[in-house]
Amino acid sequence: MSDQNAVIVENVSKKFRIYHERNQSIKQMVLRRSRGVYEEFWALKDVSLTIPVASSYGLIGENGSGKSTLLKCMAKILVPDEGSVVVNGSISALLELGAGFHPELSGRENVFLNGAILGISSKELNRKFDEIVAFSGIERFIDTPVKNYSSGMYVRLGFSIAINVSPDVLLVDEVLAVGDAEFQMRCADKFTELKGSGCTIVVVSHSMEMVQSLCDSAAWLEHGSLKMSGPADQVIRGYLDHVAHNREATAPAPAAPDPVAPIVPDTAVPAP
Amino acid sequence: MNKVASNTRAKDFAAARSLLINLTLRENRSKYKRSTLGWAWSMVNPLATMLIFTFVFLYVFGVDPPLGSPSGLKNFGFFLISGLLPWNFLSAGLTAATGSVVANAGLIKKVYFTRAVLPAASVLSWNTNLLIELGVLSVALIFVGQFVFVYLPAALVVIVLQMFFVLGIGLCLGALNVYFRDIEHFLQILLLLWFYATPIIYPTSLVFSNPRITGPLKTVYLLNPMVHFSEAYRDIFYNLRSPSPSTFFYMAVSALISMTFGLWVFRKLEAKFAEEL
Ligand SMILES: Nc1ncnc2c1ncn2[C@@H]1O[C@H](COP(=O)(O)OP(=O)(O)OP(=O)(O)O)[C@@H](O)[C@H]1O
Ligand SMILES: [Mg+2]
C-alpha cells in the first residue's frame, strides 16, 4: 500500500498563535505574567490527501489559504497539531523565498552545508558539485557570500542543490517564479526527467499555466480546508470559476481594483 | 510501518552525526578565520588572563601560590590555568550553544534536520579548543618536569563528562532562548557568579578552612558541579594525581542529570522552533 504513495496526509490540522502583543523576554513575561496576548488561528483544517509515487502534484489557492503551511508539514519543518503526514523516502524542499542558506557563507560553503543537512556525504557532494554549479549557472559568483546574490541567483542555487541530491520527494514552493524564462524552461525539463526516474514532485504555485503543464493532479485549499482535489485541469477550472464568480459578486464597480484577481487572471485555461 | 519508522530513525541518526561533524568543523574553521594570529588566539586569551591574575594575586595581594601535591608545583600560573581552561570551555560553550538555535533561524525555517546538532556543534567546537589548550599545557608541564601524560586517560574521561554536562545545559538554554531572547544576557550574569563559586582563582581548601563557612553552606557549595570538575582538572594538571572516585561519581551524576533534563526540554520545545523564530 504505502509503496504506491509517496505522501499521505491524513486529517491534518495546524494552528498558529497570532500575537497581538508578544513578550519575548523573561523580564516582560514576569512583569506581565504572560507570554503575550494572542488568538489561535487554524491555518489548516482537517486536510487529507495522498500523492502517488512518481507523480506531480500541484497545490493552489488564494494567499493565506495554507499551501505553504501544508508543504512545511510535509517537509517536517512544522509539526501538525492533529492528524499525520507520512512521506516515504528522502525529502528535498525548496520553500518560499529560497533555500536555507547562511547569508555570510559563500555559495560554495552553502552547497556543502546544505548537502550535509540533506544527508549527502561529502564524497558524493564533491562528485556532484560541478553539476550543481553548472545547472545553477552562477559559476562566477560561487565564492561570493550569498547575501550578495540577487533573488534569482539565490533560487537558482537552492533549486540546483535540491534537485541534484536525487530526492525521492521534491517539494517546491512558489520560488521558481523569480527565475528568468530560460531557467524556468530548464526547470520544467528537469521536472520531467526527475519524474521519469521515480521522483515525486509537489509544487505550490499561483501560476495556473505552470500547474497545468506540470502537474498530473492538484488540490485547492481555501481558508485551510481542502476544497477540491483530483486531476489538475478540473481543479484549476473549479478554482478559476470560483475566483471569477467571487469577483462578480464582491466587486460591482469595475473601476475598483480587486485584491485577489490580479494574481490569477481569469482568462481561459490554456490547453494542456 | 514500524520497520519504516525505525529505518528512517536510523537514517536520521546517521545524517545527524555527519551533519554534527560538518557543523563542528565549520565552526572550528571560522572561529579565528578573519584574525591575523588565527588559532594562536586560542592560546593568547588564557595566557593573558593568567598573566593578569598572577600579577594581581602574587604582587598586589601577595598571596602564596598553593602547593601541588604530590607534584610539588608551587606556581600560581599553572595553578590558575588548570582551573581556567575548563572554565573557559564552560563559559564559551554555553554562550555559543545558547545563541545557536536563534542564530540558525534561516536554516530551521527552511530545512528539516535534527535540531539538537546546532547546540551540540557549538559545544563540540569549544571542546576542540579545550583539547588543544590542554595539550599545550601538558607539554608545558613536561618542561617543568611534570609527566602528566600518565593521567591522560583519566583526563579524557573528565573532559567527556564535562562536555555532556555543558551540552545538557546548552540544549536547555538554546531552546529557551528561542522563546526568551534575554536568556543570553541572564547567562552572562549567571556566569559571573558561577565563576566565583567555583575554585578557579582560589583552592577549594580556602573554602573549607574558612571558619565563617559552616556545614549547610559547605553542602550548598559542593552542590555546584563545577566545583568537582575544577577539582578533577586541578588534580590531574596541577597536583598530578588521579581524581578521587567520589569526584568521578559527582561528575558522572551531574553529566547524566544535565543531559537528561536538557534533552527533555529541547525535545519539548523543538517542534515549534520553525513557527516561533
Ligand atoms: N509562523 C506563523 N505564525 C503565525 N501565523 C502563521 C505562521 N505561518 C503562517 N501563518 C498563517 O497561516 C496562514 C496560511 O499561511 P500560508 O503561508 O500557508 O499561506 P499560503 O497559502 O502559502 O499563501 P501565499 O499564497 O501567500 O503563499 C496565513 O494566514 C498566515 O498568516
Ligand atoms: Mg505560500
# chains A, B, ... in the order shown; residues from 1 in each chain; ligands from 1
$ interface_residues --of "chain B" --to "chain A" --cutoff "8 Å" --atoms "only C-alpha atoms" --output "PyMOL selection string"
chain B and resi 14-16+18-19+22-23+104+106-113+179-183+271-272+274-275
$ residues_near_ligand --ligand "ligand 1" --cutoff "10 Å" --atoms "only C-alpha atoms and all ligand atoms" --output "JSON, numbers by chain"
{"A": [14, 15, 16, 17, 18, 19, 39, 40, 41, 42, 43, 44, 59, 60, 61, 62, 63, 64, 65, 66, 67, 68, 69, 70, 71, 72, 73, 78, 95, 96, 173, 174, 204, 205, 206, 220, 221, 222, 223, 224, 263], "B": [109, 272, 273, 274, 275, 276, 277]}
$ atom_distance --atom1 "atom CA of Val146 of chain A" --atom2 "atom CA of Glu270 of chain B"
27.0 Å
$ closest_residue --among "A:Val9, A:Ile51, A:Ala218, A:Val203" --to "ligand 2" --atoms "only C-alpha atoms and all ligand atoms"
A:Val203
$ select_by_dssp --residues "segment 21-176 of chain A" --states "alpha helix (DSSP H)" --output "ChimeraX atom specification"
/A:26-32,67-74,107-117,122-136,151-164
$ residues_around --residues "Asn164 of chain A" --least-positions-apart "2" --cutoff "9 Å" --atoms "only C-alpha atoms" --output "PyMOL selection string"
chain A and resi 128+131-132+159-162+166-167
$ write_last_selection --atoms "N, CA, C and O atoms" --output "PDB file, in the first residue's frame"
ATOM      1  N   LYS A 128      29.305  15.759  -7.189  1.00  0.00           N
ATOM      2  CA  LYS A 128      28.173  16.434  -7.831  1.00  0.00           C
ATOM      3  C   LYS A 128      28.329  17.945  -7.902  1.00  0.00           C
ATOM      4  O   LYS A 128      27.519  18.627  -8.523  1.00  0.00           O
ATOM      5  N   GLU A 131      28.262  19.726 -11.254  1.00  0.00           N
ATOM      6  CA  GLU A 131      26.945  19.619 -11.878  1.00  0.00           C
ATOM      7  C   GLU A 131      25.974  20.621 -11.246  1.00  0.00           C
ATOM      8  O   GLU A 131      25.215  21.295 -11.944  1.00  0.00           O
ATOM      9  N   ILE A 132      26.035  20.723  -9.909  1.00  0.00           N
ATOM     10  CA  ILE A 132      25.148  21.645  -9.198  1.00  0.00           C
ATOM     11  C   ILE A 132      25.415  23.080  -9.650  1.00  0.00           C
ATOM     12  O   ILE A 132      24.495  23.823  -9.994  1.00  0.00           O
ATOM     13  N   PHE A 159      17.656  25.680  -5.884  1.00  0.00           N
ATOM     14  CA  PHE A 159      16.948  24.681  -6.679  1.00  0.00           C
ATOM     15  C   PHE A 159      17.922  23.638  -7.219  1.00  0.00           C
ATOM     16  O   PHE A 159      17.651  22.436  -7.220  1.00  0.00           O
ATOM     17  N   SER A 160      19.059  24.124  -7.645  1.00  0.00           N
ATOM     18  CA  SER A 160      20.066  23.242  -8.208  1.00  0.00           C
ATOM     19  C   SER A 160      20.524  22.200  -7.180  1.00  0.00           C
ATOM     20  O   SER A 160      20.700  21.022  -7.507  1.00  0.00           O
ATOM     21  N   ILE A 161      20.688  22.631  -5.929  1.00  0.00           N
ATOM     22  CA  ILE A 161      21.049  21.670  -4.877  1.00  0.00           C
ATOM     23  C   ILE A 161      19.902  20.699  -4.670  1.00  0.00           C
ATOM     24  O   ILE A 161      20.084  19.481  -4.646  1.00  0.00           O
ATOM     25  N   ALA A 162      18.700  21.268  -4.531  1.00  0.00           N
ATOM     26  CA  ALA A 162      17.533  20.442  -4.196  1.00  0.00           C
ATOM     27  C   ALA A 162      17.308  19.317  -5.198  1.00  0.00           C
ATOM     28  O   ALA A 162      16.948  18.202  -4.819  1.00  0.00           O
ATOM     29  N   SER A 166      19.261  13.941  -5.684  1.00  0.00           N
ATOM     30  CA  SER A 166      18.359  12.837  -6.020  1.00  0.00           C
ATOM     31  C   SER A 166      17.401  12.467  -4.884  1.00  0.00           C
ATOM     32  O   SER A 166      17.522  11.421  -4.276  1.00  0.00           O
ATOM     33  N   PRO A 167      16.458  13.377  -4.589  1.00  0.00           N
ATOM     34  CA  PRO A 167      15.463  13.089  -3.553  1.00  0.00           C
ATOM     35  C   PRO A 167      14.383  12.150  -4.076  1.00  0.00           C
ATOM     36  O   PRO A 167      14.208  12.029  -5.293  1.00  0.00           O
TER      37      PRO A 167
END
$ residues_around --residues "segment 114-125 of chain B" --least-positions-apart "2" --cutoff "8 Å" --atoms "only C-alpha atoms" --output "compact mmCIF listing (two decimals) with N, CA, C and O atoms, in the first residue's frame"
# COMPACT_ATOMS: atom_id res chain seq x y z
N ASP B 12 18.02 9.10 10.01
CA ASP B 12 18.09 10.41 10.65
C ASP B 12 19.33 10.51 11.51
O ASP B 12 20.02 11.53 11.53
N ALA B 16 22.33 13.00 11.13
CA ALA B 16 22.61 13.94 12.20
C ALA B 16 24.08 13.87 12.60
O ALA B 16 24.71 14.90 12.85
N LEU B 19 26.17 15.53 9.94
CA LEU B 19 25.92 16.97 9.99
C LEU B 19 26.63 17.60 11.18
O LEU B 19 27.21 18.68 11.09
N LEU B 20 26.61 16.87 12.30
CA LEU B 20 27.26 17.38 13.51
C LEU B 20 28.76 17.57 13.27
O LEU B 20 29.33 18.60 13.60
N ILE B 21 29.37 16.57 12.64
CA ILE B 21 30.81 16.66 12.34
C ILE B 21 31.07 17.86 11.42
O ILE B 21 31.96 18.67 11.64
N LEU B 23 29.21 20.60 10.92
CA LEU B 23 28.99 21.90 11.55
C LEU B 23 30.12 22.23 12.52
O LEU B 23 30.56 23.38 12.61
N THR B 24 30.59 21.21 13.24
CA THR B 24 31.68 21.44 14.19
C THR B 24 32.93 21.90 13.46
O THR B 24 33.57 22.88 13.85
N LEU B 25 33.25 21.21 12.38
CA LEU B 25 34.43 21.60 11.60
C LEU B 25 34.27 23.01 11.07
O LEU B 25 35.21 23.80 11.06
N GLU B 27 32.53 25.47 12.37
CA GLU B 27 32.72 26.45 13.44
C GLU B 27 34.18 26.55 13.83
O GLU B 27 34.69 27.63 14.10
N ASN B 28 34.86 25.42 13.85
CA ASN B 28 36.29 25.44 14.16
C ASN B 28 37.05 26.30 13.17
O ASN B 28 37.90 27.10 13.53
N GLY B 93 31.34 27.68 25.63
CA GLY B 93 30.44 26.65 25.09
C GLY B 93 28.99 26.97 25.38
O GLY B 93 28.13 26.87 24.50
N LEU B 94 28.70 27.39 26.62
CA LEU B 94 27.31 27.72 26.97
C LEU B 94 26.84 28.94 26.20
O LEU B 94 25.71 28.97 25.70
N ALA B 96 27.86 30.03 23.29
CA ALA B 96 27.64 29.69 21.88
C ALA B 96 26.39 28.82 21.71
O ALA B 96 25.58 29.04 20.82
N ALA B 97 26.22 27.83 22.59
CA ALA B 97 25.07 26.93 22.46
C ALA B 97 23.76 27.69 22.67
O ALA B 97 22.77 27.45 21.99
N THR B 98 23.77 28.64 23.60
CA THR B 98 22.55 29.40 23.88
C THR B 98 22.10 30.18 22.65
O THR B 98 20.92 30.24 22.34
N SER B 100 22.88 29.43 19.54
CA SER B 100 22.99 28.66 18.31
C SER B 100 21.67 28.45 17.57
O SER B 100 21.63 28.51 16.34
N VAL B 101 20.59 28.23 18.29
CA VAL B 101 19.32 27.95 17.61
C VAL B 101 18.80 29.22 16.93
O VAL B 101 18.44 29.21 15.75
N ASN B 104 20.64 30.29 13.80
CA ASN B 104 20.41 29.49 12.60
C ASN B 104 18.94 29.45 12.21
O ASN B 104 18.47 28.47 11.59
N ILE B 108 16.54 26.63 10.13
CA ILE B 108 15.46 25.90 10.80
C ILE B 108 14.13 26.09 10.08
O ILE B 108 13.31 25.19 9.98
N TYR B 112 14.61 20.54 7.11
CA TYR B 112 14.47 19.68 8.27
C TYR B 112 15.80 19.01 8.57
O TYR B 112 16.48 18.52 7.68
N ASN B 127 34.93 22.46 22.67
CA ASN B 127 35.60 21.33 23.29
C ASN B 127 36.92 21.02 22.56
O ASN B 127 37.90 20.64 23.19
N THR B 128 36.90 21.20 21.24
CA THR B 128 38.14 21.03 20.47
C THR B 128 39.19 22.01 20.97
O THR B 128 40.36 21.67 21.15
N ASN B 129 38.73 23.25 21.18
CA ASN B 129 39.61 24.27 21.73
C ASN B 129 40.25 23.83 23.03
O ASN B 129 41.44 23.96 23.24
N MET B 163 31.93 17.67 28.91
CA MET B 163 31.28 18.01 27.65
C MET B 163 29.78 17.72 27.73
O MET B 163 28.96 18.54 27.34
N VAL B 166 28.05 20.28 29.99
CA VAL B 166 27.84 21.57 29.31
C VAL B 166 26.77 21.43 28.23
O VAL B 166 25.90 22.30 28.08
N LEU B 167 26.80 20.33 27.49
CA LEU B 167 25.84 20.14 26.40
C LEU B 167 24.40 20.11 26.92
O LEU B 167 23.51 20.71 26.33
N GLY B 170 23.45 23.53 27.66
CA GLY B 170 23.41 24.25 26.39
C GLY B 170 22.14 23.94 25.60
O GLY B 170 21.53 24.83 25.01
N LEU B 171 21.72 22.67 25.59
CA LEU B 171 20.48 22.29 24.89
C LEU B 171 19.30 23.03 25.50
O LEU B 171 18.44 23.58 24.80
N GLY B 174 19.64 26.86 24.82
CA GLY B 174 19.47 27.14 23.39
C GLY B 174 18.00 27.10 23.00
O GLY B 174 17.53 27.95 22.24
N PHE B 266 14.65 20.29 25.37
CA PHE B 266 14.85 20.54 23.94
C PHE B 266 13.79 19.82 23.12
O PHE B 266 13.18 20.40 22.22
N GLU B 270 11.37 21.82 20.59
CA GLU B 270 11.89 21.92 19.23
C GLU B 270 10.81 21.87 18.15
O GLU B 270 10.99 22.43 17.08
$ residues_around --residues "Val12 of chain A" --least-positions-apart "5" --cutoff "7 Å" --atoms "only C-alpha atoms" --output "compact mmCIF listing (two decimals) with C-alpha atoms, in the first residue's frame"
# COMPACT_ATOMS: atom_id res chain seq x y z
CA LEU A 44 -5.07 24.01 8.16
CA LYS A 45 -8.29 22.24 8.98
CA ASP A 46 -8.70 18.51 8.53
CA VAL A 47 -6.81 18.17 5.26
CA SER A 48 -6.40 14.69 3.77
CA PRO A 80 0.74 19.26 12.72
CA GLU A 82 -3.78 16.97 14.63
CA GLY A 83 -3.54 14.22 12.06
CA SER A 84 -0.43 12.79 10.48
$ atom_distance --atom1 "atom CA of Phe129 of chain A" --atom2 "atom CA of Asp168 of chain A"
19.6 Å
$ decode --residues "segment 153-166 of chain B" --atoms "all heavy atoms" --output "PDB file, in the first residue's frame"
ATOM      1  N   PRO B 153      44.397   9.220  30.247  1.00  0.00           N
ATOM      2  CA  PRO B 153      43.104   8.504  30.201  1.00  0.00           C
ATOM      3  C   PRO B 153      42.095   9.090  31.183  1.00  0.00           C
ATOM      4  O   PRO B 153      40.938   9.323  30.831  1.00  0.00           O
ATOM      5  CB  PRO B 153      43.479   7.076  30.569  1.00  0.00           C
ATOM      6  CG  PRO B 153      44.925   6.949  30.231  1.00  0.00           C
ATOM      7  CD  PRO B 153      45.527   8.302  30.468  1.00  0.00           C
ATOM      8  N   ALA B 154      42.547   9.388  32.395  1.00  0.00           N
ATOM      9  CA  ALA B 154      41.644   9.995  33.383  1.00  0.00           C
ATOM     10  C   ALA B 154      41.177  11.355  32.875  1.00  0.00           C
ATOM     11  O   ALA B 154      39.991  11.704  32.988  1.00  0.00           O
ATOM     12  CB  ALA B 154      42.356  10.142  34.717  1.00  0.00           C
ATOM     13  N   ALA B 155      42.099  12.114  32.278  1.00  0.00           N
ATOM     14  CA  ALA B 155      41.737  13.433  31.761  1.00  0.00           C
ATOM     15  C   ALA B 155      40.657  13.316  30.695  1.00  0.00           C
ATOM     16  O   ALA B 155      39.694  14.091  30.671  1.00  0.00           O
ATOM     17  CB  ALA B 155      42.967  14.132  31.186  1.00  0.00           C
ATOM     18  N   LEU B 156      40.784  12.310  29.820  1.00  0.00           N
ATOM     19  CA  LEU B 156      39.791  12.147  28.752  1.00  0.00           C
ATOM     20  C   LEU B 156      38.403  11.888  29.324  1.00  0.00           C
ATOM     21  O   LEU B 156      37.405  12.436  28.847  1.00  0.00           O
ATOM     22  CB  LEU B 156      40.198  10.995  27.832  1.00  0.00           C
ATOM     23  CG  LEU B 156      41.196  11.383  26.737  1.00  0.00           C
ATOM     24  CD1 LEU B 156      41.500  10.197  25.846  1.00  0.00           C
ATOM     25  CD2 LEU B 156      40.632  12.538  25.890  1.00  0.00           C
ATOM     26  N   VAL B 157      38.348  11.057  30.368  1.00  0.00           N
ATOM     27  CA  VAL B 157      37.047  10.785  31.000  1.00  0.00           C
ATOM     28  C   VAL B 157      36.462  12.087  31.558  1.00  0.00           C
ATOM     29  O   VAL B 157      35.280  12.396  31.356  1.00  0.00           O
ATOM     30  CB  VAL B 157      37.196   9.729  32.120  1.00  0.00           C
ATOM     31  CG1 VAL B 157      35.874   9.552  32.857  1.00  0.00           C
ATOM     32  CG2 VAL B 157      37.675   8.415  31.547  1.00  0.00           C
ATOM     33  N   VAL B 158      37.301  12.864  32.224  1.00  0.00           N
ATOM     34  CA  VAL B 158      36.821  14.124  32.804  1.00  0.00           C
ATOM     35  C   VAL B 158      36.314  15.057  31.701  1.00  0.00           C
ATOM     36  O   VAL B 158      35.246  15.665  31.821  1.00  0.00           O
ATOM     37  CB  VAL B 158      37.954  14.810  33.611  1.00  0.00           C
ATOM     38  CG1 VAL B 158      37.496  16.163  34.123  1.00  0.00           C
ATOM     39  CG2 VAL B 158      38.380  13.928  34.766  1.00  0.00           C
ATOM     40  N   ILE B 159      37.067  15.132  30.604  1.00  0.00           N
ATOM     41  CA  ILE B 159      36.684  16.031  29.505  1.00  0.00           C
ATOM     42  C   ILE B 159      35.340  15.603  28.904  1.00  0.00           C
ATOM     43  O   ILE B 159      34.459  16.431  28.666  1.00  0.00           O
ATOM     44  CB  ILE B 159      37.783  16.050  28.420  1.00  0.00           C
ATOM     45  CG1 ILE B 159      39.037  16.710  28.972  1.00  0.00           C
ATOM     46  CG2 ILE B 159      37.307  16.789  27.173  1.00  0.00           C
ATOM     47  CD1 ILE B 159      40.268  16.511  28.111  1.00  0.00           C
ATOM     48  N   VAL B 160      35.177  14.296  28.685  1.00  0.00           N
ATOM     49  CA  VAL B 160      33.922  13.820  28.097  1.00  0.00           C
ATOM     50  C   VAL B 160      32.751  14.089  29.045  1.00  0.00           C
ATOM     51  O   VAL B 160      31.687  14.561  28.622  1.00  0.00           O
ATOM     52  CB  VAL B 160      34.024  12.312  27.755  1.00  0.00           C
ATOM     53  CG1 VAL B 160      32.660  11.744  27.412  1.00  0.00           C
ATOM     54  CG2 VAL B 160      34.981  12.101  26.606  1.00  0.00           C
ATOM     55  N   LEU B 161      32.960  13.840  30.342  1.00  0.00           N
ATOM     56  CA  LEU B 161      31.875  14.099  31.295  1.00  0.00           C
ATOM     57  C   LEU B 161      31.528  15.583  31.321  1.00  0.00           C
ATOM     58  O   LEU B 161      30.352  15.953  31.322  1.00  0.00           O
ATOM     59  CB  LEU B 161      32.275  13.621  32.696  1.00  0.00           C
ATOM     60  CG  LEU B 161      32.305  12.104  32.892  1.00  0.00           C
ATOM     61  CD1 LEU B 161      32.777  11.758  34.301  1.00  0.00           C
ATOM     62  CD2 LEU B 161      30.927  11.497  32.644  1.00  0.00           C
ATOM     63  N   GLN B 162      32.551  16.440  31.299  1.00  0.00           N
ATOM     64  CA  GLN B 162      32.247  17.871  31.319  1.00  0.00           C
ATOM     65  C   GLN B 162      31.540  18.289  30.028  1.00  0.00           C
ATOM     66  O   GLN B 162      30.639  19.124  30.046  1.00  0.00           O
ATOM     67  CB  GLN B 162      33.520  18.710  31.498  1.00  0.00           C
ATOM     68  CG  GLN B 162      33.173  20.152  31.879  1.00  0.00           C
ATOM     69  CD  GLN B 162      34.301  21.137  31.625  1.00  0.00           C
ATOM     70  OE1 GLN B 162      35.333  20.795  31.055  1.00  0.00           O
ATOM     71  NE2 GLN B 162      34.091  22.376  32.041  1.00  0.00           N
ATOM     72  N   MET B 163      31.935  17.669  28.909  1.00  0.00           N
ATOM     73  CA  MET B 163      31.280  18.006  27.651  1.00  0.00           C
ATOM     74  C   MET B 163      29.780  17.719  27.730  1.00  0.00           C
ATOM     75  O   MET B 163      28.958  18.540  27.343  1.00  0.00           O
ATOM     76  CB  MET B 163      31.909  17.222  26.512  1.00  0.00           C
ATOM     77  CG  MET B 163      31.442  17.709  25.178  1.00  0.00           C
ATOM     78  SD  MET B 163      31.286  16.486  23.933  1.00  0.00           S
ATOM     79  CE  MET B 163      30.663  15.053  24.620  1.00  0.00           C
ATOM     80  N   PHE B 164      29.422  16.554  28.273  1.00  0.00           N
ATOM     81  CA  PHE B 164      27.997  16.232  28.389  1.00  0.00           C
ATOM     82  C   PHE B 164      27.301  17.160  29.378  1.00  0.00           C
ATOM     83  O   PHE B 164      26.154  17.551  29.175  1.00  0.00           O
ATOM     84  CB  PHE B 164      27.802  14.771  28.785  1.00  0.00           C
ATOM     85  CG  PHE B 164      27.946  13.834  27.622  1.00  0.00           C
ATOM     86  CD1 PHE B 164      28.949  12.868  27.591  1.00  0.00           C
ATOM     87  CD2 PHE B 164      27.089  13.925  26.530  1.00  0.00           C
ATOM     88  CE1 PHE B 164      29.088  12.023  26.506  1.00  0.00           C
ATOM     89  CE2 PHE B 164      27.217  13.081  25.442  1.00  0.00           C
ATOM     90  CZ  PHE B 164      28.226  12.128  25.428  1.00  0.00           C
ATOM     91  N   PHE B 165      28.010  17.500  30.445  1.00  0.00           N
ATOM     92  CA  PHE B 165      27.435  18.422  31.424  1.00  0.00           C
ATOM     93  C   PHE B 165      27.098  19.761  30.760  1.00  0.00           C
ATOM     94  O   PHE B 165      25.986  20.282  30.881  1.00  0.00           O
ATOM     95  CB  PHE B 165      28.426  18.628  32.578  1.00  0.00           C
ATOM     96  CG  PHE B 165      28.000  19.673  33.561  1.00  0.00           C
ATOM     97  CD1 PHE B 165      26.884  19.475  34.366  1.00  0.00           C
ATOM     98  CD2 PHE B 165      28.696  20.868  33.672  1.00  0.00           C
ATOM     99  CE1 PHE B 165      26.481  20.448  35.269  1.00  0.00           C
ATOM    100  CE2 PHE B 165      28.301  21.844  34.569  1.00  0.00           C
ATOM    101  CZ  PHE B 165      27.192  21.631  35.368  1.00  0.00           C
ATOM    102  N   VAL B 166      28.048  20.284  29.995  1.00  0.00           N
ATOM    103  CA  VAL B 166      27.840  21.570  29.307  1.00  0.00           C
ATOM    104  C   VAL B 166      26.769  21.433  28.230  1.00  0.00           C
ATOM    105  O   VAL B 166      25.903  22.298  28.080  1.00  0.00           O
ATOM    106  CB  VAL B 166      29.173  22.070  28.702  1.00  0.00           C
ATOM    107  CG1 VAL B 166      28.946  23.301  27.849  1.00  0.00           C
ATOM    108  CG2 VAL B 166      30.168  22.370  29.801  1.00  0.00           C
TER     109      VAL B 166
END
